[in-house]
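Colleague: Next comes the structure file final_12.pdb, holding PDB, C-alpha atoms.
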ATOM      1  CA  MET A 602     -13.990 -15.705   0.672  1.00  0.00           C
ATOM      2  CA  ASP A 603     -10.450 -14.754   1.690  1.00  0.00           C
ATOM      3  CA  ALA A 604      -8.631 -11.588   0.621  1.00  0.00           C
ATOM      4  CA  PHE A 605      -6.720 -13.283  -2.196  1.00  0.00           C
ATOM      5  CA  GLU A 606      -9.805 -14.748  -3.862  1.00  0.00           C
ATOM      6  CA  ARG A 607     -11.723 -11.508  -3.414  1.00  0.00           C
ATOM      7  CA  MET A 608      -9.004  -9.430  -5.049  1.00  0.00           C
ATOM      8  CA  LYS A 609      -8.344 -12.026  -7.746  1.00  0.00           C
ATOM      9  CA  GLN A 610     -12.003 -11.909  -8.749  1.00  0.00           C
ATOM     10  CA  ARG A 611     -12.018  -8.111  -8.779  1.00  0.00           C
ATOM     11  CA  TYR A 612      -9.026  -7.932 -11.121  1.00  0.00           C
ATOM     12  CA  GLU A 613     -10.500 -10.615 -13.380  1.00  0.00           C
ATOM     13  CA  ALA A 614     -13.769  -8.662 -13.565  1.00  0.00           C
ATOM     14  CA  GLY A 615     -12.029  -5.330 -14.115  1.00  0.00           C
ATOM     15  CA  ASP A 616     -13.564  -4.041 -10.887  1.00  0.00           C
ATOM     16  CA  VAL A 617     -10.571  -1.867 -10.026  1.00  0.00           C
ATOM     17  CA  PRO A 618     -11.814   1.638  -9.104  1.00  0.00           C
ATOM     18  CA  TRP A 619      -8.327   2.642  -7.909  1.00  0.00           C
ATOM     19  CA  ASP A 620      -6.941   2.256 -11.445  1.00  0.00           C
ATOM     20  CA  ASP A 621      -5.930   5.874 -12.031  1.00  0.00           C
ATOM     21  CA  PRO A 622      -3.000   7.013 -14.182  1.00  0.00           C
ATOM     22  CA  LEU A 623      -1.445   8.911 -11.281  1.00  0.00           C
ATOM     23  CA  PRO A 624      -1.064   8.053  -7.596  1.00  0.00           C
ATOM     24  CA  PRO A 625      -2.925  10.077  -4.955  1.00  0.00           C
ATOM     25  CA  PRO A 626      -1.747  13.674  -4.338  1.00  0.00           C
ATOM     26  CA  GLU A 627      -0.315  12.617  -0.985  1.00  0.00           C
ATOM     27  CA  VAL A 628       2.122  10.288  -2.749  1.00  0.00           C
ATOM     28  CA  MET A 629       3.092  12.894  -5.338  1.00  0.00           C
ATOM     29  CA  ASP A 630       3.662  15.471  -2.592  1.00  0.00           C
ATOM     30  CA  MET A 631       5.927  13.070  -0.717  1.00  0.00           C
ATOM     31  CA  VAL A 632       7.927  12.338  -3.870  1.00  0.00           C
ATOM     32  CA  ALA A 633       8.315  16.076  -4.498  1.00  0.00           C
ATOM     33  CA  LYS A 634       9.754  16.636  -1.010  1.00  0.00           C
ATOM     34  CA  LEU A 635      12.238  13.753  -0.857  1.00  0.00           C
ATOM     35  CA  PRO A 636      15.448  13.136  -2.806  1.00  0.00           C
ATOM     36  CA  ALA A 637      15.201  10.077  -5.025  1.00  0.00           C
ATOM     37  CA  GLY A 638      16.367   6.860  -3.422  1.00  0.00           C
ATOM     38  CA  ARG A 639      15.030   3.325  -2.894  1.00  0.00           C
ATOM     39  CA  ALA A 640      11.280   2.886  -2.497  1.00  0.00           C
ATOM     40  CA  LEU A 641       8.974   0.018  -1.603  1.00  0.00           C
ATOM     41  CA  ASP A 642       5.408  -0.046  -2.970  1.00  0.00           C
ATOM     42  CA  LEU A 643       3.236  -2.411  -0.919  1.00  0.00           C
ATOM     43  CA  GLY A 644       0.122  -3.743  -2.619  1.00  0.00           C
ATOM     44  CA  CYS A 645       1.184  -2.042  -5.842  1.00  0.00           C
ATOM     45  CA  GLY A 646      -1.732  -3.175  -8.026  1.00  0.00           C
ATOM     46  CA  TYR A 647      -1.155  -1.964 -11.571  1.00  0.00           C
ATOM     47  CA  GLY A 648       1.908  -0.025 -10.446  1.00  0.00           C
ATOM     48  CA  ARG A 649       0.730   3.580 -10.591  1.00  0.00           C
ATOM     49  CA  SER A 650       2.796   4.680  -7.546  1.00  0.00           C
ATOM     50  CA  ALA A 651       5.807   2.583  -8.538  1.00  0.00           C
ATOM     51  CA  ILE A 652       5.803   3.996 -12.069  1.00  0.00           C
ATOM     52  CA  TYR A 653       5.443   7.554 -10.782  1.00  0.00           C
ATOM     53  CA  LEU A 654       8.354   7.060  -8.391  1.00  0.00           C
ATOM     54  CA  ALA A 655      10.507   5.558 -11.135  1.00  0.00           C
ATOM     55  CA  ARG A 656       9.761   8.485 -13.423  1.00  0.00           C
ATOM     56  CA  HIS A 657      11.141  10.731 -10.702  1.00  0.00           C
ATOM     57  CA  GLY A 658      14.417   8.853 -10.384  1.00  0.00           C
ATOM     58  CA  TRP A 659      13.619   6.288  -7.699  1.00  0.00           C
ATOM     59  CA  GLN A 660      14.619   2.634  -7.714  1.00  0.00           C
ATOM     60  CA  VAL A 661      11.495   0.713  -6.713  1.00  0.00           C
ATOM     61  CA  ASP A 662      10.506  -2.707  -5.454  1.00  0.00           C
ATOM     62  CA  ALA A 663       6.758  -3.237  -5.929  1.00  0.00           C
ATOM     63  CA  VAL A 664       4.865  -6.103  -4.295  1.00  0.00           C
ATOM     64  CA  ASP A 665       1.399  -7.546  -4.898  1.00  0.00           C
ATOM     65  CA  PHE A 666      -0.012 -11.036  -4.436  1.00  0.00           C
ATOM     66  CA  ILE A 667      -2.225 -10.968  -7.534  1.00  0.00           C
ATOM     67  CA  PRO A 668      -0.279 -12.271 -10.571  1.00  0.00           C
ATOM     68  CA  ALA A 669      -2.561 -10.515 -13.071  1.00  0.00           C
ATOM     69  CA  ALA A 670      -1.963  -7.176 -11.368  1.00  0.00           C
ATOM     70  CA  ILE A 671       1.811  -7.624 -11.498  1.00  0.00           C
ATOM     71  CA  ALA A 672       1.703  -8.711 -15.144  1.00  0.00           C
ATOM     72  CA  GLU A 673      -0.194  -5.559 -16.088  1.00  0.00           C
ATOM     73  CA  ALA A 674       2.076  -3.407 -13.918  1.00  0.00           C
ATOM     74  CA  ARG A 675       5.132  -4.771 -15.717  1.00  0.00           C
ATOM     75  CA  ARG A 676       3.502  -3.995 -19.067  1.00  0.00           C
ATOM     76  CA  ARG A 677       2.696  -0.441 -18.019  1.00  0.00           C
ATOM     77  CA  ALA A 678       6.187   0.143 -16.656  1.00  0.00           C
ATOM     78  CA  LYS A 679       7.648  -0.967 -19.982  1.00  0.00           C
ATOM     79  CA  VAL A 680       5.315   1.363 -21.899  1.00  0.00           C
ATOM     80  CA  ALA A 681       6.321   4.205 -19.556  1.00  0.00           C
ATOM     81  CA  GLY A 682       9.988   3.521 -20.207  1.00  0.00           C
ATOM     82  CA  VAL A 683      10.845   2.841 -16.561  1.00  0.00           C
ATOM     83  CA  ALA A 684      10.907  -0.966 -16.442  1.00  0.00           C
ATOM     84  CA  GLY A 685      14.616  -0.898 -15.595  1.00  0.00           C
ATOM     85  CA  ARG A 686      13.935   1.066 -12.413  1.00  0.00           C
ATOM     86  CA  ILE A 687      11.246  -1.224 -10.969  1.00  0.00           C
ATOM     87  CA  ARG A 688      11.400  -4.794  -9.727  1.00  0.00           C
ATOM     88  CA  PHE A 689       7.923  -6.271  -9.475  1.00  0.00           C
ATOM     89  CA  HIS A 690       7.293  -9.196  -7.125  1.00  0.00           C
ATOM     90  CA  VAL A 691       4.332 -11.571  -6.848  1.00  0.00           C
ATOM     91  CA  ALA A 692       4.330 -12.025  -3.095  1.00  0.00           C
ATOM     92  CA  SER A 693       2.513 -11.326   0.147  1.00  0.00           C
ATOM     93  CA  VAL A 694       3.216  -8.014   1.851  1.00  0.00           C
ATOM     94  CA  ALA A 695       3.196  -9.969   5.114  1.00  0.00           C
ATOM     95  CA  GLU A 696       6.233 -12.009   4.035  1.00  0.00           C
ATOM     96  CA  LEU A 697       8.929  -9.619   2.863  1.00  0.00           C
ATOM     97  CA  GLY A 698      11.958 -11.710   3.813  1.00  0.00           C
ATOM     98  CA  PHE A 699      13.070 -11.908   0.162  1.00  0.00           C
ATOM     99  CA  LEU A 700      13.806  -8.162   0.115  1.00  0.00           C
ATOM    100  CA  GLU A 701      17.114  -6.643   1.197  1.00  0.00           C
ATOM    101  CA  PRO A 702      17.435  -3.478   3.303  1.00  0.00           C
ATOM    102  CA  PHE A 703      17.375  -0.542   3.127  1.00  0.00           C
ATOM    103  CA  TYR A 704      14.606   1.641   1.706  1.00  0.00           C
ATOM    104  CA  ASP A 705      14.194   5.391   2.017  1.00  0.00           C
ATOM    105  CA  LEU A 706      10.434   5.282   1.535  1.00  0.00           C
ATOM    106  CA  ALA A 707       7.641   2.722   1.806  1.00  0.00           C
ATOM    107  CA  ILE A 708       4.157   3.402   0.437  1.00  0.00           C
ATOM    108  CA  ASP A 709       0.907   1.548   1.043  1.00  0.00           C
ATOM    109  CA  VAL A 710      -2.199   2.909  -0.659  1.00  0.00           C
ATOM    110  CA  GLY A 711      -4.948   0.633   0.613  1.00  0.00           C
ATOM    111  CA  CYS A 712      -3.343  -2.726   1.408  1.00  0.00           C
ATOM    112  CA  LEU A 713      -2.785  -3.002   5.169  1.00  0.00           C
ATOM    113  CA  HIS A 714      -6.465  -2.592   5.998  1.00  0.00           C
ATOM    114  CA  ALA A 715      -7.342  -5.862   4.203  1.00  0.00           C
ATOM    115  CA  LEU A 716      -4.875  -8.025   6.154  1.00  0.00           C
ATOM    116  CA  THR A 717      -5.618 -10.370   9.027  1.00  0.00           C
ATOM    117  CA  ASP A 718      -4.233  -9.497  12.451  1.00  0.00           C
ATOM    118  CA  GLU A 719      -1.463 -12.084  12.038  1.00  0.00           C
ATOM    119  CA  ASP A 720      -0.465 -10.786   8.623  1.00  0.00           C
ATOM    120  CA  ARG A 721      -0.411  -7.217   9.917  1.00  0.00           C
ATOM    121  CA  VAL A 722       2.240  -8.213  12.435  1.00  0.00           C
ATOM    122  CA  GLY A 723       4.338  -9.853   9.703  1.00  0.00           C
ATOM    123  CA  TYR A 724       3.894  -6.765   7.532  1.00  0.00           C
ATOM    124  CA  ARG A 725       4.979  -4.471  10.378  1.00  0.00           C
ATOM    125  CA  ASN A 726       7.996  -6.609  11.227  1.00  0.00           C
ATOM    126  CA  GLY A 727       9.044  -6.556   7.576  1.00  0.00           C
ATOM    127  CA  LEU A 728       8.948  -2.765   7.502  1.00  0.00           C
ATOM    128  CA  VAL A 729      10.919  -2.524  10.728  1.00  0.00           C
ATOM    129  CA  ARG A 730      13.652  -4.665   9.164  1.00  0.00           C
ATOM    130  CA  LEU A 731      13.684  -2.858   5.821  1.00  0.00           C
ATOM    131  CA  LEU A 732      13.406   0.783   6.856  1.00  0.00           C
ATOM    132  CA  PRO A 733      16.360   2.471   8.593  1.00  0.00           C
ATOM    133  CA  ALA A 734      16.275   5.467  10.923  1.00  0.00           C
ATOM    134  CA  GLY A 735      15.134   8.588   9.098  1.00  0.00           C
ATOM    135  CA  SER A 736      13.170   6.761   6.385  1.00  0.00           C
ATOM    136  CA  TRP A 737       9.481   7.352   5.678  1.00  0.00           C
ATOM    137  CA  TYR A 738       6.372   5.167   5.580  1.00  0.00           C
ATOM    138  CA  LEU A 739       3.234   6.616   3.985  1.00  0.00           C
ATOM    139  CA  LEU A 740       0.014   4.691   4.674  1.00  0.00           C
ATOM    140  CA  PHE A 741      -3.516   5.086   3.352  1.00  0.00           C
ATOM    141  CA  ALA A 742      -6.116   2.876   5.011  1.00  0.00           C
ATOM    142  CA  ARG A 743      -9.828   2.285   5.184  1.00  0.00           C
ATOM    143  CA  LEU A 744     -10.832   3.029   8.757  1.00  0.00           C
ATOM    144  CA  ARG A 745     -13.446   1.304  10.846  1.00  0.00           C
ATOM    145  CA  SER A 746     -14.815   2.024  14.280  1.00  0.00           C
ATOM    146  CA  PRO A 747     -13.890  -0.392  17.099  1.00  0.00           C
ATOM    147  CA  GLU A 748     -17.469  -1.674  17.085  1.00  0.00           C
ATOM    148  CA  THR A 749     -17.285  -2.901  13.456  1.00  0.00           C
ATOM    149  CA  ALA A 750     -13.617  -3.903  13.258  1.00  0.00           C
ATOM    150  CA  VAL A 751     -14.250  -7.426  14.528  1.00  0.00           C
ATOM    151  CA  SER A 752     -15.978  -8.586  11.335  1.00  0.00           C
ATOM    152  CA  GLN A 753     -13.575  -9.465   8.557  1.00  0.00           C
ATOM    153  CA  THR A 754     -15.846  -8.457   5.704  1.00  0.00           C
ATOM    154  CA  ASP A 755     -19.244  -6.916   5.314  1.00  0.00           C
ATOM    155  CA  GLU A 756     -22.082  -8.161   3.118  1.00  0.00           C
ATOM    156  CA  THR A 757     -20.362  -6.945  -0.046  1.00  0.00           C
ATOM    157  CA  ASN A 758     -17.024  -8.621   0.774  1.00  0.00           C
ATOM    158  CA  SER A 759     -15.337  -5.227   1.089  1.00  0.00           C
ATOM    159  CA  PRO A 760     -12.062  -4.997   3.014  1.00  0.00           C
ATOM    160  CA  ARG A 761     -12.349  -5.393   6.749  1.00  0.00           C
ATOM    161  CA  GLY A 762     -10.819  -1.998   7.461  1.00  0.00           C
ATOM    162  CA  ILE A 763      -8.652  -1.110  10.423  1.00  0.00           C
ATOM    163  CA  THR A 764      -9.178   1.131  13.408  1.00  0.00           C
ATOM    164  CA  ARG A 765      -7.028   4.193  13.962  1.00  0.00           C
ATOM    165  CA  ASP A 766      -5.990   2.800  17.336  1.00  0.00           C
ATOM    166  CA  THR A 767      -4.793  -0.429  15.705  1.00  0.00           C
ATOM    167  CA  VAL A 768      -2.638   1.535  13.255  1.00  0.00           C
ATOM    168  CA  LEU A 769      -1.093   3.472  16.140  1.00  0.00           C
ATOM    169  CA  GLU A 770      -0.510   0.310  18.174  1.00  0.00           C
ATOM    170  CA  LEU A 771       1.106  -1.506  15.251  1.00  0.00           C
ATOM    171  CA  PHE A 772       3.648   1.161  14.392  1.00  0.00           C
ATOM    172  CA  GLY A 773       3.888   3.483  17.388  1.00  0.00           C
ATOM    173  CA  GLN A 774       6.759   1.628  19.063  1.00  0.00           C
ATOM    174  CA  GLU A 775       9.087   1.672  16.061  1.00  0.00           C
ATOM    175  CA  PHE A 776       7.932   4.734  14.103  1.00  0.00           C
ATOM    176  CA  THR A 777       7.080   8.352  14.886  1.00  0.00           C
ATOM    177  CA  LEU A 778       3.724   9.583  13.638  1.00  0.00           C
ATOM    178  CA  VAL A 779       4.491  12.912  11.987  1.00  0.00           C
ATOM    179  CA  LYS A 780       1.031  13.623  10.587  1.00  0.00           C
ATOM    180  CA  ALA A 781      -2.373  11.989  10.194  1.00  0.00           C
ATOM    181  CA  THR A 782      -5.499  13.098   8.388  1.00  0.00           C
ATOM    182  CA  GLU A 783      -8.909  11.470   8.279  1.00  0.00           C
ATOM    183  CA  GLY A 784     -11.746  11.910   5.822  1.00  0.00           C
ATOM    184  CA  ILE A 785     -14.226  10.153   3.574  1.00  0.00           C
ATOM    185  CA  THR A 786     -13.248   8.281   0.420  1.00  0.00           C
ATOM    186  CA  HIS A 787     -15.846   8.386  -2.341  1.00  0.00           C
ATOM    187  CA  VAL A 788     -15.700   5.488  -4.800  1.00  0.00           C
ATOM    188  CA  PRO A 789     -17.150   6.267  -8.267  1.00  0.00           C
ATOM    189  CA  ASP A 790     -20.455   4.400  -8.639  1.00  0.00           C
ATOM    190  CA  GLY A 791     -19.797   2.787  -5.284  1.00  0.00           C
ATOM    191  CA  PRO A 792     -19.935   3.313  -1.524  1.00  0.00           C
ATOM    192  CA  SER A 793     -18.209   5.975   0.551  1.00  0.00           C
ATOM    193  CA  TRP A 794     -16.181   5.066   3.609  1.00  0.00           C
ATOM    194  CA  ALA A 795     -14.002   6.554   6.334  1.00  0.00           C
ATOM    195  CA  SER A 796     -10.298   6.618   5.538  1.00  0.00           C
ATOM    196  CA  GLY A 797      -7.047   8.040   6.773  1.00  0.00           C
ATOM    197  CA  TRP A 798      -3.529   8.975   5.702  1.00  0.00           C
ATOM    198  CA  PHE A 799      -0.634   8.402   8.094  1.00  0.00           C
ATOM    199  CA  TRP A 800       2.866   9.845   7.650  1.00  0.00           C
ATOM    200  CA  TRP A 801       5.346   7.817   9.725  1.00  0.00           C
ATOM    201  CA  GLN A 802       9.091   8.324  10.127  1.00  0.00           C
ATOM    202  CA  ARG A 803      11.402   5.588  11.335  1.00  0.00           C
TER     203      ARG A 803
END
Here is the file; what I need is its structure written in the form of structure tokens.
Modeller:
Amino acid sequence: MDAFERMKQRYEAGDVPWDDPLPPPEVMDMVAKLPAGRALDLGCGYGRSAIYLARHGWQVDAVDFIPAAIAEARRRAKVAGVAGRIRFHVASVAELGFLEPFYDLAIDVGCLHALTDEDRVGYRNGLVRLLPAGSWYLLFARLRSPETAVSQTDETNSPRGITRDTVLELFGQEFTLVKATEGITHVPDGPSWASGWFWWQR
């Protein structure tokens, strides 16, 4: 089962444990520290980060390849009164050619780690084109050890994950790693797994 079908089935079943009203504290802290500008939300899901950004004065482009997720995100943005500040797109984060530069901030809370190696390169190249010098890229990813990274999914069809070294190799040439933290993510009524936050500046 590929990533699209896996995620499509999860949204159809309501198996969306990341469906919180607010984005993670790391996103809120970043928003508090930066002046409002243009933001890009990659793998936006139901739009919690995009809506939070819009409420704080940002103009946002939000991208997800699951139509049902985007439809619900649009509904929630309208309810929140910020629909005019967000453009939602049904598209792959690996093919961002339809977007126009430049963005002050890009956020990915759990999308990159589910991409194939080829799509990761397209994703990275899109960010390089869209983010100017001085802009920020905040990434949250499920981490795997080098020994387990070769298998695309495990027995439960969970995301393949990404190694820390792969993250550094992907972005280290074009971005400066300002900060990184690693820990364990605990999913309610589900498994726990290694994860990391990465604060990059262009």
Colleague: I'd like the neighbourhood of segment 739-747 of chain A as a PyMOL selection string, where a residue qualifies if any of its atoms comes within 8 Å (using all atoms listed in the file), though same-chain residues fewer than 5 positions away should be ignored.
Modeller: chain A and resi 628+706-714+760-765+794-801
Colleague: Suppose a student applies the PyMOL selection byres ((chain A and resi 716-726) around 12) to this structure; what residues should they get, written as a ChimeraX atom specification?
Modeller: /A:603-605,643-644,664,692-698,707,709,711-715,727-732,738,740,742-743,750-754,759-764,767-776,803
Colleague: Just checking: using only C-alpha atoms, which residue out of A:Gln660, A:Phe703, A:Cys645, A:Asp766 ends up closest to Gly685 of chain A?
Modeller: A:Gln660
Colleague: In the coordinates of the file, take the point (5.2, 6.5, -12.6) and a cut-off of 10 Å; then, counting only C-alpha atoms, name each qualifying protein, DNA or RNA residue as a PyMOL selection string.
Modeller: chain A and resi 622-624+629+648-659+677-678+681-683+687
Colleague: For atom CA of Glu673 of chain A and atom CA of Gly646 of chain A, quote the distance in Å rounded to one decimal.
Modeller: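 Atom CA of Gly646 of chain A lies at a distance of 8.5 Å from atom CA of Glu673 of chain A.
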Colleague: Pick from A:Gly615, A:Gly784, A:Gly735, A:Pro789: nearest to Ala669 of chain A, with only C-alpha atoms counted?
Modeller: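 Nearest candidate to Ala669 of chain A out of A:Gly615, A:Gly784, A:Gly735, A:Pro789: A:Gly615.
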Colleague: What separation in Å, quoted to one decimal, exists between atom CA of Tyr647 of chain A and atom CA of Ala670 of chain A?
Modeller: 5.3 Å
Colleague: Run the PyMOL selection byres ((chain A and resi 691) around 8) against the file shown and list the residues it catches, as a VMD selection string.
Modeller: chain A and resid 664 to 668 671 689 to 690 692 to 693
Colleague: So that all listed atoms of segment 783-799 of chain A fit with 3 Å spare on each side, what axis-aligned box centre and edge lengths in Å, to one decimal, would you give as JSON?
Modeller:
{"center_x": -10.5, "center_y": 7.3, "center_z": -0.2, "size_x": 25.8, "size_y": 15.1, "size_z": 22.9}
Colleague: Separation of atom CA of Tyr704 of chain A and atom CA of Ala781 of chain A, in Å?
Modeller: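 Separation between atom CA of Tyr704 of chain A and atom CA of Ala781 of chain A: 21.6 Å.
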